Amino acid sequence: MICVTNRIPVAEGYEIDFEDRFRKRVHLVDQAKGFIRNEVHRPRPMELDHQTGEWTSGPVGTGYYEVKTWWESFDDFVAWTTSPSFAEAHRNRAPKEMFRGPNELMIHEVFLSTDHPETL
């Protein structure tokens with residue numbers, strides 16, 4: 001199993017528009033072979049004062065949204081990215097002003113999961 005994370009730096013003031021795009025998505029990835037699940041994580045910048053152990057809110061407009069998809073295999077993910085459904089799902093690109101910079105794509109292999117005892 002793999003987890004693909006797309007870290008996206010959304011510009012301040014565009015958070016609602018960005019989230020709305022995911023709420024209204026066409027759900028094509030949900031039917032892709034090997035697809036397990038999708039999650040979108042909202043950043044919540046926090047800072048820890050190591051001397052006091054207290055948490056405070058971090059600077060506004062920092063952090064990354066993370067779009068995570070879980071797949072049965074890397075090959076299933078690659079097949080999705082080269083499919084007509086992927087092109088369809090990504091054809092209506094957001095305006096460049098919505099982002100503070102480039103996204104970062106990371107791929108991790110799941111070697112341990114309490115949700116999937118076969119990995120233990």
# chains A, B, ... in the order shown; residues from 1 in each chain; ligands from 1
$ residues_around --residues "Phe22 in chain A" --least-positions-apart "6" --cutoff "12 Å" --atoms "only C-alpha atoms" --output "ChimeraX atom specification"
/A:15-16,38-42,65-67,89-90,94
$ write_last_selection --atoms "C-alpha atoms" --output "tab-separated table (two decimals), in the first residue's frame"
chain	number	residue	atom	x	y	z
A	15	GLU	CA	-8.82	28.95	1.78
A	16	ILE	CA	-12.62	28.82	1.39
A	38	ASN	CA	-8.86	10.24	-0.05
A	39	GLU	CA	-8.41	12.83	2.69
A	40	VAL	CA	-7.89	16.58	2.54
A	41	HIS	CA	-6.17	18.09	5.59
A	42	ARG	CA	-6.52	21.76	6.54
A	65	TYR	CA	-3.05	21.83	2.87
A	66	GLU	CA	-2.40	18.13	2.34
A	67	VAL	CA	-4.35	16.02	-0.11
A	89	ALA	CA	-10.62	15.56	-12.83
A	90	HIS	CA	-7.78	18.08	-13.26
A	94	ALA	CA	-7.38	26.83	-9.98
$ select_by_dssp --residues "range 67-108 of chain A" --states "strand (DSSP E)" --output "list in words"
Val67, Lys68, Thr69, Trp70, Trp71, Glu104, Leu105, Met106, Ile107 and His108 of chain A
$ write_last_selection --atoms "N, CA and C atoms" --output "PDB file, in the first residue's frame"
ATOM      1  N   VAL A  67      -3.389  16.906   0.537  1.00  0.00           N
ATOM      2  CA  VAL A  67      -4.350  16.021  -0.107  1.00  0.00           C
ATOM      3  C   VAL A  67      -3.687  14.655  -0.141  1.00  0.00           C
ATOM      4  N   LYS A  68      -4.287  13.697   0.552  1.00  0.00           N
ATOM      5  CA  LYS A  68      -3.696  12.358   0.676  1.00  0.00           C
ATOM      6  C   LYS A  68      -4.614  11.338   0.020  1.00  0.00           C
ATOM      7  N   THR A  69      -4.000  10.485  -0.785  1.00  0.00           N
ATOM      8  CA  THR A  69      -4.727   9.348  -1.350  1.00  0.00           C
ATOM      9  C   THR A  69      -3.957   8.087  -1.021  1.00  0.00           C
ATOM     10  N   TRP A  70      -4.700   7.040  -0.673  1.00  0.00           N
ATOM     11  CA  TRP A  70      -4.118   5.740  -0.380  1.00  0.00           C
ATOM     12  C   TRP A  70      -4.446   4.804  -1.536  1.00  0.00           C
ATOM     13  N   TRP A  71      -3.441   4.011  -1.926  1.00  0.00           N
ATOM     14  CA  TRP A  71      -3.550   3.114  -3.076  1.00  0.00           C
ATOM     15  C   TRP A  71      -3.039   1.732  -2.707  1.00  0.00           C
ATOM     16  N   GLU A 104       4.131  20.249  -3.364  1.00  0.00           N
ATOM     17  CA  GLU A 104       5.137  19.199  -3.168  1.00  0.00           C
ATOM     18  C   GLU A 104       4.412  17.862  -3.162  1.00  0.00           C
ATOM     19  N   LEU A 105       4.844  16.958  -4.018  1.00  0.00           N
ATOM     20  CA  LEU A 105       4.246  15.632  -4.075  1.00  0.00           C
ATOM     21  C   LEU A 105       5.179  14.644  -3.395  1.00  0.00           C
ATOM     22  N   MET A 106       4.648  13.883  -2.451  1.00  0.00           N
ATOM     23  CA  MET A 106       5.445  12.894  -1.722  1.00  0.00           C
ATOM     24  C   MET A 106       4.733  11.549  -1.770  1.00  0.00           C
ATOM     25  N   ILE A 107       5.503  10.506  -1.922  1.00  0.00           N
ATOM     26  CA  ILE A 107       4.945   9.155  -1.961  1.00  0.00           C
ATOM     27  C   ILE A 107       5.614   8.335  -0.858  1.00  0.00           C
ATOM     28  N   HIS A 108       4.795   7.691  -0.060  1.00  0.00           N
ATOM     29  CA  HIS A 108       5.302   6.848   1.025  1.00  0.00           C
ATOM     30  C   HIS A 108       4.707   5.460   0.901  1.00  0.00           C
TER      31      HIS A 108
END
$ residues_around --residues "Pro43 in chain A" --least-positions-apart "4" --cutoff "12 Å" --atoms "only C-alpha atoms" --output "list in words"
Arg7, Ile8, Pro9, Val10, Ala11, Glu12, Glu15, Glu19, Ser57, Gly58, Pro59, Val60, Gly61, Thr62, Gly63, Tyr64, Tyr65, Glu66 and Val67 of chain A
$ residues_around --residues "Ser83 in chain A" --least-positions-apart "4" --cutoff "12 Å" --atoms "only C-alpha atoms" --output "ChimeraX atom specification"
/A:28-29,31-33,76-79,87-90
$ select_by_dssp --residues "chain A" --states "alpha helix (DSSP H)" --output "PyMOL selection string"
chain A and resi 15-23+74-81+84-89
$ closest_residue --among "A:Tyr14, A:Val4, A:Glu72, A:Asp30" --to "Glu97 in chain A" --atoms "only C-alpha atoms"
A:Tyr14
$ closest_residue --among "A:Val26, A:Leu48, A:Phe74, A:Thr56" --to "Glu109 in chain A" --atoms "only C-alpha atoms"
A:Phe74
$ atom_distance --atom1 "CA of Asp20 in chain A" --atom2 "CA of Phe99 in chain A"
14.8 Å
$ atom_distance --atom1 "CA of Ile2 in chain A" --atom2 "CA of Pro84 in chain A"
21.8 Å
